[in-house]
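Coordinates as given in query_2.txt (compact mmCIF, C-alpha atoms):
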# COMPACT_ATOMS: atom_id res chain seq x y z
CA MET A 1056 -194.12 110.64 -116.95
CA ARG A 1057 -197.60 111.17 -115.65
CA THR A 1058 -200.23 110.49 -118.29
CA THR A 1059 -203.44 108.79 -117.19
CA GLN A 1060 -203.29 109.94 -113.57
CA THR A 1061 -202.65 113.58 -114.41
CA ALA A 1062 -205.49 113.71 -116.90
CA SER A 1063 -207.93 114.29 -114.04
CA LEU A 1064 -205.66 116.72 -112.22
CA LEU A 1065 -204.35 119.02 -114.92
CA PRO A 1066 -206.20 121.32 -117.32
CA ASP A 1067 -204.37 120.14 -120.46
CA SER A 1068 -203.44 116.45 -120.43
CA ALA A 1069 -202.34 116.57 -124.10
CA ALA A 1070 -199.90 119.45 -123.53
CA LEU A 1071 -196.90 117.22 -122.90
CA SER A 1072 -197.18 115.02 -125.99
CA ASP A 1073 -198.08 118.00 -128.18
CA PHE A 1074 -195.03 119.90 -126.98
CA LEU A 1075 -192.65 116.99 -127.56
CA ASP A 1076 -194.00 116.65 -131.08
CA GLN A 1077 -193.46 120.37 -131.60
CA LEU A 1078 -189.77 120.00 -130.68
CA LYS A 1079 -189.15 117.94 -133.81
CA SER A 1080 -189.97 120.78 -136.19
CA ALA A 1081 -189.30 123.89 -134.09
CA PRO A 1082 -186.40 125.98 -135.48
CA ALA A 1083 -185.19 126.62 -131.91
CA SER A 1084 -186.03 125.61 -128.37
CA ALA A 1085 -185.33 126.69 -124.81
CA LEU A 1086 -185.36 124.54 -121.68
CA LEU A 1087 -185.77 126.64 -118.53
CA LEU A 1088 -185.05 124.86 -115.27
CA ASP A 1089 -185.43 125.75 -111.61
CA TYR A 1090 -182.72 124.20 -109.42
CA ASP A 1091 -183.72 123.28 -105.84
CA GLY A 1092 -186.51 120.73 -105.75
CA THR A 1093 -186.50 120.41 -109.54
CA LEU A 1094 -183.02 119.33 -110.61
CA ALA A 1095 -181.84 118.57 -107.09
CA PRO A 1096 -183.50 117.10 -104.00
CA PHE A 1097 -183.60 119.27 -100.91
CA HIS A 1098 -180.75 118.73 -98.45
CA MET A 1099 -180.26 119.76 -94.85
CA ASP A 1100 -176.98 121.37 -95.92
CA ARG A 1101 -177.86 123.71 -98.80
CA ASP A 1102 -174.25 123.61 -100.02
CA ARG A 1103 -174.63 119.86 -100.64
CA ALA A 1104 -177.91 119.94 -102.56
CA TYR A 1105 -176.47 118.26 -105.64
CA PRO A 1106 -178.53 117.22 -108.69
CA TYR A 1107 -180.33 113.89 -108.90
CA PRO A 1108 -178.05 111.16 -110.31
CA GLY A 1109 -178.30 111.06 -114.07
CA VAL A 1110 -179.56 114.62 -114.52
CA VAL A 1111 -176.27 116.42 -115.19
CA PRO A 1112 -175.11 114.23 -118.13
CA ILE A 1113 -178.40 114.79 -119.95
CA ILE A 1114 -178.31 118.55 -119.36
CA ASP A 1115 -174.74 118.56 -120.63
CA GLN A 1116 -175.82 116.82 -123.83
CA LEU A 1117 -178.76 119.16 -124.27
CA SER A 1118 -176.60 122.25 -123.82
CA ARG A 1119 -174.21 121.03 -126.50
CA CYS A 1120 -177.02 120.76 -129.02
CA ARG A 1121 -177.24 124.02 -130.92
CA LYS A 1122 -180.99 123.64 -131.22
CA THR A 1123 -181.75 124.01 -127.47
CA ARG A 1124 -180.90 126.89 -125.17
CA VAL A 1125 -180.59 125.52 -121.62
CA VAL A 1126 -181.15 128.05 -118.83
CA ILE A 1127 -181.11 127.58 -115.04
CA ILE A 1128 -183.37 130.05 -113.21
CA SER A 1129 -182.97 129.88 -109.43
CA GLY A 1130 -183.79 131.80 -106.30
CA ARG A 1131 -180.25 131.13 -105.12
CA PRO A 1132 -177.44 133.58 -105.81
CA VAL A 1133 -175.98 132.62 -109.16
CA SER A 1134 -172.56 131.89 -107.60
CA GLU A 1135 -174.12 129.05 -105.57
CA VAL A 1136 -175.82 127.54 -108.60
CA LYS A 1137 -172.57 127.68 -110.54
CA GLN A 1138 -170.75 125.89 -107.72
CA LEU A 1139 -173.35 123.13 -107.46
CA LEU A 1140 -173.22 122.62 -111.24
CA SER A 1141 -169.45 123.03 -111.50
CA SER A 1142 -169.12 120.00 -113.79
CA LEU A 1143 -171.13 121.83 -116.46
CA SER A 1144 -169.62 124.52 -118.64
CA GLY A 1145 -171.23 127.07 -120.91
CA ILE A 1146 -174.61 126.96 -119.14
CA GLU A 1147 -176.66 130.14 -118.91
CA MET A 1148 -177.78 130.82 -115.34
CA TRP A 1149 -180.11 133.36 -113.75
CA GLY A 1150 -179.86 133.75 -109.96
CA ALA A 1151 -181.63 135.64 -107.17
CA HIS A 1152 -184.99 135.19 -108.93
CA GLY A 1153 -183.68 136.78 -112.13
CA LEU A 1154 -181.69 139.66 -110.63
CA GLU A 1155 -178.36 138.06 -111.61
CA ARG A 1156 -177.31 136.43 -114.86
CA ILE A 1157 -174.27 134.54 -116.14
CA SER A 1158 -174.19 134.14 -119.92
CA THR A 1159 -172.86 131.07 -121.73
CA ASP A 1160 -169.52 132.85 -122.23
CA GLY A 1161 -169.20 133.46 -118.47
CA ASN A 1162 -170.04 137.16 -118.38
CA TYR A 1163 -171.88 138.30 -115.24
CA TYR A 1164 -174.72 140.81 -115.18
CA GLN A 1165 -176.76 142.17 -112.28
CA GLY A 1166 -179.96 144.14 -112.61
CA ARG A 1167 -180.17 147.54 -111.03
CA ILE A 1168 -182.31 148.00 -107.92
CA PRO A 1169 -183.24 151.56 -106.92
CA GLN A 1170 -181.38 152.62 -103.80
CA GLY A 1171 -184.65 153.54 -102.11
CA THR A 1172 -185.91 149.97 -102.56
CA LEU A 1173 -182.72 148.52 -101.12
CA GLU A 1174 -183.09 150.82 -98.12
CA LEU A 1175 -186.49 149.22 -97.42
CA LEU A 1176 -184.74 145.88 -96.83
CA LYS A 1177 -182.29 147.23 -94.26
CA PRO A 1178 -184.78 147.21 -91.34
CA ALA A 1179 -185.62 143.58 -92.17
CA ARG A 1180 -181.95 142.60 -91.93
CA ASP A 1181 -181.51 144.59 -88.73
CA TRP A 1182 -184.53 142.87 -87.18
CA VAL A 1183 -183.16 139.42 -88.08
CA MET A 1184 -179.90 140.24 -86.33
CA LYS A 1185 -181.66 141.48 -83.19
CA ALA A 1186 -183.90 138.40 -83.19
CA ASP A 1187 -180.82 136.10 -83.31
CA LEU A 1188 -182.02 134.50 -86.55
CA ILE A 1189 -178.82 135.14 -88.49
CA PRO A 1190 -177.85 131.41 -88.37
CA LEU A 1191 -181.02 130.72 -90.39
CA ALA A 1192 -180.63 133.71 -92.70
CA GLU A 1193 -179.38 133.90 -96.26
CA ILE A 1194 -178.57 137.40 -97.48
CA LYS A 1195 -179.05 137.63 -101.24
CA PRO A 1196 -178.83 140.38 -103.83
CA GLY A 1197 -182.20 142.06 -103.43
CA GLY A 1198 -183.51 139.97 -100.55
CA ILE A 1199 -183.13 138.04 -97.33
CA ALA A 1200 -184.34 134.47 -96.80
CA ILE A 1201 -184.91 132.52 -93.60
CA HIS A 1202 -184.53 128.73 -93.85
CA TRP A 1203 -185.95 126.30 -91.29
CA ARG A 1204 -185.42 122.93 -92.96
CA GLY A 1205 -184.85 120.22 -90.35
CA LYS A 1206 -186.46 122.15 -87.50
CA ALA A 1207 -189.25 120.58 -85.47
CA GLN A 1208 -192.74 121.73 -86.47
CA VAL A 1209 -193.29 123.49 -83.14
CA GLU A 1210 -190.06 125.42 -83.60
CA VAL A 1211 -190.93 126.26 -87.22
CA LYS A 1212 -194.27 127.74 -86.19
CA ALA A 1213 -192.59 129.84 -83.51
CA ILE A 1214 -189.95 131.16 -85.92
CA GLU A 1215 -192.54 131.89 -88.59
CA ALA A 1216 -194.80 133.72 -86.14
CA ARG A 1217 -191.93 135.88 -84.89
CA LEU A 1218 -190.83 136.60 -88.44
CA MET A 1219 -194.27 137.58 -89.66
CA GLU A 1220 -194.66 139.92 -86.71
CA GLY A 1221 -191.20 141.43 -87.09
CA TRP A 1222 -191.50 141.94 -90.85
CA ALA A 1223 -195.21 142.83 -90.94
CA GLY A 1224 -194.82 146.55 -91.43
CA ILE A 1225 -191.84 146.25 -93.79
CA ALA A 1226 -193.53 143.71 -96.06
CA ARG A 1227 -196.49 146.03 -96.74
CA SER A 1228 -194.41 148.09 -99.15
CA PRO A 1229 -195.50 147.49 -102.77
CA GLU A 1230 -191.83 147.51 -103.76
CA LEU A 1231 -191.20 144.36 -101.72
CA LYS A 1232 -192.65 140.85 -101.87
CA LEU A 1233 -192.89 138.19 -99.17
CA LEU A 1234 -192.38 134.75 -100.70
CA SER A 1235 -193.01 131.36 -99.14
CA PHE A 1236 -190.88 128.50 -100.40
CA GLU A 1237 -190.03 124.93 -99.38
CA SER A 1238 -189.07 125.23 -95.67
CA GLY A 1239 -188.64 128.96 -95.50
CA VAL A 1240 -189.71 132.47 -96.37
CA GLU A 1241 -188.02 135.32 -98.23
CA LEU A 1242 -188.53 139.07 -98.26
CA ARG A 1243 -187.21 140.55 -101.48
CA VAL A 1244 -187.72 143.22 -104.09
CA ALA A 1245 -190.94 142.69 -106.03
CA HIS A 1246 -189.10 142.88 -109.35
CA PRO A 1247 -187.39 141.21 -110.98
CA HIS A 1248 -188.83 137.79 -110.25
CA LYS A 1249 -188.55 134.48 -112.11
CA GLY A 1250 -191.44 135.40 -114.37
CA ASP A 1251 -189.57 138.53 -115.49
CA ALA A 1252 -186.60 136.33 -116.42
CA VAL A 1253 -188.90 134.11 -118.47
CA GLU A 1254 -190.35 137.16 -120.23
CA SER A 1255 -186.84 138.29 -121.19
CA ILE A 1256 -185.97 134.86 -122.56
CA LEU A 1257 -189.22 134.75 -124.53
CA GLU A 1258 -188.35 138.06 -126.18
CA GLU A 1259 -184.84 136.87 -127.01
CA SER A 1260 -185.97 133.48 -128.34
CA GLY A 1261 -188.51 134.67 -130.90
CA PRO A 1262 -192.10 133.57 -131.54
CA ASP A 1263 -191.30 130.21 -133.18
CA ALA A 1264 -189.14 128.74 -130.42
CA ALA A 1265 -190.49 125.82 -128.37
CA ILE A 1266 -190.03 126.76 -124.71
CA ALA A 1267 -190.65 124.85 -121.48
CA TYR A 1268 -190.21 125.80 -117.83
CA LEU A 1269 -189.78 123.21 -115.08
CA GLY A 1270 -190.18 124.24 -111.43
CA ASP A 1271 -191.40 122.93 -108.11
CA ASP A 1272 -192.46 125.55 -105.58
CA LEU A 1273 -194.49 128.72 -105.16
CA THR A 1274 -191.69 130.98 -106.45
CA ASP A 1275 -192.01 129.21 -109.82
CA GLU A 1276 -195.66 130.16 -110.25
CA ASP A 1277 -194.64 133.56 -111.68
CA SER A 1278 -192.76 131.66 -114.39
CA PHE A 1279 -195.69 129.37 -115.10
CA ARG A 1280 -198.01 132.35 -115.50
CA ALA A 1281 -195.52 134.17 -117.74
CA LEU A 1282 -195.12 131.18 -120.07
CA ASN A 1283 -198.63 129.73 -120.18
CA GLY A 1284 -200.09 130.16 -123.64
CA ARG A 1285 -196.60 130.46 -125.13
CA GLY A 1286 -194.92 127.26 -123.99
CA LEU A 1287 -195.06 124.22 -121.70
CA THR A 1288 -195.17 124.63 -117.91
CA VAL A 1289 -194.19 121.64 -115.77
CA LEU A 1290 -194.55 121.10 -112.03
CA VAL A 1291 -191.74 118.84 -110.78
CA ARG A 1292 -192.30 117.48 -107.27
CA PRO A 1293 -193.15 114.20 -105.53
CA GLU A 1294 -196.65 115.38 -104.57
CA TYR A 1295 -199.06 117.29 -106.77
CA ARG A 1296 -199.99 120.84 -105.73
CA PRO A 1297 -203.59 121.61 -106.76
CA THR A 1298 -203.08 125.38 -106.78
CA THR A 1299 -200.39 125.34 -109.47
CA ALA A 1300 -200.67 127.12 -112.81
CA ALA A 1301 -198.53 124.41 -114.44
CA GLN A 1302 -200.00 122.27 -117.21
CA VAL A 1303 -198.09 119.06 -116.51
CA TRP A 1304 -196.89 117.26 -113.39
CA LEU A 1305 -193.73 115.09 -113.27
CA ARG A 1306 -192.38 113.24 -110.25
CA PRO A 1307 -188.59 113.37 -109.82
CA PRO A 1308 -186.23 111.86 -110.49
CA GLY A 1309 -187.58 109.14 -112.80
CA GLU A 1310 -190.20 111.11 -114.72
CA LEU A 1311 -187.96 114.17 -114.86
CA ILE A 1312 -185.11 112.18 -116.41
CA GLU A 1313 -187.48 110.53 -118.86
CA PHE A 1314 -188.73 113.96 -119.98
CA LEU A 1315 -185.17 115.23 -120.50
CA GLN A 1316 -184.27 112.09 -122.45
CA GLN A 1317 -187.32 112.51 -124.68
CA TRP A 1318 -186.36 116.14 -125.29
CA LEU A 1319 -182.86 115.04 -126.31
CA ARG A 1320 -184.20 112.40 -128.70
CA ARG A 1321 -186.52 114.93 -130.36
CA ILE A 1322 -183.76 117.43 -131.16
CA GLN A 1323 -181.01 115.04 -132.20
When written as structure tokens, how does the structure in this file appear?
Amino acid sequence: MRTTQTASLLPDSAALSDFLDQLKSAPASALLLDYDGTLAPFHMDRDRAYPYPGVVPIIDQLSRCRKTRVVIISGRPVSEVKQLLSSLSGIEMWGAHGLERISTDGNYYQGRIPQGTLELLKPARDWVMKADLIPLAEIKPGGIAIHWRGKAQVEVKAIEARLMEGWAGIARSPELKLLSFESGVELRVAHPHKGDAVESILEESGPDAAIAYLGDDLTDEDSFRALNGRGLTVLVRPEYRPTTAAQVWLRPPGELIEFLQQWLRRIQ
């Protein structure tokens, strides 16, 4: 884990050690994890973006400990996350940026989106079809994402320019939000987002629970902001991003796995 190097980069270099010490005495804890880029490296084929080797066994052990609530919070539809983590059972998952939820007993819940808000997304989908971008599109509950991983930079810039022009008027609605993520962009409902999911978990966990959120890209910044001051926020990515609201930076997979192992040792 980053210690001396991050001291000059991050606002609270003692946050990590203080949090791990807190785990020993906390009556309960919650480990909130983004999926793509955090638990799993990016892959050209999104359906094959499996977790880093060694990550799943530790998460399995953590989830079996009654003291820690393990939650996956992803921008993917929850069905995709469940498939990619099929070897795990009894894991709580939130998908589509918090719009969907699968509880530990397997029950599925989906938040309600006003029909008027959903109607705002229809022109965006129609435009994507007319622009022949459907092969790059992912239709989600409450949003539509365009992925350009693996495309040449010249092609990416052309796609992005067309998209920004085509969605410009639609994205101005305060009920929608245009999100940039690793190798793509998504137009979706403004709420819920990952930060809203974190807020819900905070309310359910109680004031004495030790809570951490691990994420990698810009869509995780809502979660960092929601948790800061009430838990540990961790940026997980090979390169540091100076604009992050996270307190701690870990490089995957080595430092990520070390952090999870330390968590497990603290609660056993």
For Ile1266 of chain A, which residue among A:Thr1298, A:Asn1283, A:Ser1072, A:Ser1084 is the nearest when counting all atoms listed in the file?
A:Ser1084
Please build the interface table for segment 1232-1279 of chain A against segment 1187-1203 of chain A with a cut-off of 7 Å, listing for each qualifying residue the nearest atom pair and the distance in Å to one decimal; count only C-alpha atoms, order rows by chain and increasing number, and write it as a tab-separated table.
residue	atom	partner	partner_atom	distance
A:Ser1238	CA	A:Trp1203	CA	5.5
A:Gly1239	CA	A:His1202	CA	4.4
A:Val1240	CA	A:Ile1201	CA	5.5
A:Glu1241	CA	A:Ala1200	CA	4.0
A:Leu1242	CA	A:Ile1199	CA	5.6
A:Arg1243	CA	A:Gly1198	CA	3.9
A:Val1244	CA	A:Gly1197	CA	5.7
With 10 Å as the threshold, what does the neighbourhood of (-190.9, 128.0, -120.2) contain in terms of residues, counting only C-alpha atoms? Coordinates are those of the file; answer as an MDAnalysis selection string.
chainID A and resid 1084:1088 1126 1250 1253:1254 1256:1257 1265:1270 1278:1283 1285:1289
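Closest approach to Ala1226 of chain A from the set A:Lys1212, A:Arg1320, A:Lys1206, A:Lys1177 is made by A:Lys1177, with distances taken over only C-alpha atoms.
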Using all atoms listed in the file, what residues lie at most 6 Å away from (-182.6, 128.8, -113.6) (file coordinates), given as a list in words?
Leu1088, Asp1089, Val1126, Ile1127, Ile1128, Ser1129, Met1148 and Trp1149 of chain A
Expressed in Å, the length from atom CA of Pro1293 of chain A to atom CA of Phe1074 of chain A is 22.3 Å
Quick check, in Å to one decimal: how far apart do atom CA of Ser1134 of chain A and atom CA of Ala1095 of chain A lie?
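We find that atom CA of Ser1134 of chain A and atom CA of Ala1095 of chain A lie 16.2 Å from each other.
Among A:Ala1213, A:Ala1186, A:Val1125, A:Ala1151, the residue with the shortest atom-to-atom distance to Ala1083 of chain A, counting only C-alpha atoms, is A:Val1125.
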Option closest in space to Ile1146 of chain A, from A:Phe1314, A:Asp1115, A:Pro1132, A:Leu1175 [counting only C-alpha atoms]:
A:Asp1115
Quick one: everything within 9 Å of segment 1106-1111 of chain A, counting all atoms listed in the file, minus sequence neighbours fewer than 4 positions away in the same chain. Send it as a ChimeraX atom specification.
/A:1090-1091,1093-1096,1115-1116,1139-1140,1142-1143,1307-1308,1311-1312,1315
Point-to-point distance from atom CA of Val1183 of chain A to atom CA of Asp1271 of chain A, Å rounded to tenths
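About the pair atom CA of Val1183 of chain A and atom CA of Asp1271 of chain A: they are 27.2 Å apart.
Considering only C-alpha atoms, the residue among A:Leu1071, A:Ala1223, A:Ile1157, A:Ala1252 positioned nearest to Trp1304 of chain A is A:Leu1071.
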Around all the atoms of segment 1201-1211 of chain A listed in the file, with 6 Å of room on each side, what axis-aligned box do you get, giving centre and edge lengths in Å to one decimal, as AutoDock Vina command-line options?
--center_x -188.9 --center_y 126.4 --center_z -88.5 --size_x 20.8 --size_y 24.3 --size_z 22.7
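Minimum distance to Pro1112 of chain A across A:Gln1316, A:Thr1159, A:Ser1228, A:Thr1274 (counting all atoms listed in the file) occurs at A:Gln1316.
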Please write a file for segment 1289-1323 of chain A, taken from the block I just shared, that holds C-alpha atoms and is laid out as a compact mmCIF listing (two decimals), in the first residue's frame.
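Once written, selection_13.txt looks like this:
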# COMPACT_ATOMS: atom_id res chain seq x y z
CA VAL A 1289 -9.81 4.89 -1.48
CA LEU A 1290 -8.79 5.53 -5.08
CA VAL A 1291 -7.77 2.25 -6.73
CA ARG A 1292 -5.96 2.69 -10.05
CA PRO A 1293 -2.46 2.32 -11.51
CA GLU A 1294 -1.99 6.09 -11.87
CA TYR A 1295 -2.95 8.73 -9.34
CA ARG A 1296 -5.68 11.21 -10.31
CA PRO A 1297 -5.00 14.61 -8.69
CA THR A 1298 -8.63 15.74 -8.86
CA THR A 1299 -9.97 12.93 -6.69
CA ALA A 1300 -11.80 13.44 -3.41
CA ALA A 1301 -10.40 10.13 -2.10
CA GLN A 1302 -8.14 10.14 0.94
CA VAL A 1303 -5.94 7.17 0.02
CA TRP A 1304 -4.48 5.80 -3.21
CA LEU A 1305 -3.81 2.08 -3.82
CA ARG A 1306 -2.38 0.53 -6.98
CA PRO A 1307 -4.02 -2.74 -8.07
CA PRO A 1308 -3.69 -5.59 -7.78
CA GLY A 1309 -0.91 -5.87 -5.19
CA GLU A 1310 -1.80 -2.97 -2.90
CA LEU A 1311 -5.52 -3.71 -3.25
CA ILE A 1312 -5.04 -7.32 -2.16
CA GLU A 1313 -2.82 -6.27 0.72
CA PHE A 1314 -5.52 -3.86 1.93
CA LEU A 1315 -8.20 -6.58 1.79
CA GLN A 1316 -5.91 -9.00 3.64
CA GLN A 1317 -5.27 -6.43 6.35
CA TRP A 1318 -9.01 -5.84 6.68
CA LEU A 1319 -9.56 -9.58 7.10
CA ARG A 1320 -6.87 -9.85 9.76
CA ARG A 1321 -8.37 -6.95 11.73
CA ILE A 1322 -11.85 -8.48 11.95
CA GLN A 1323 -10.92 -12.10 12.56
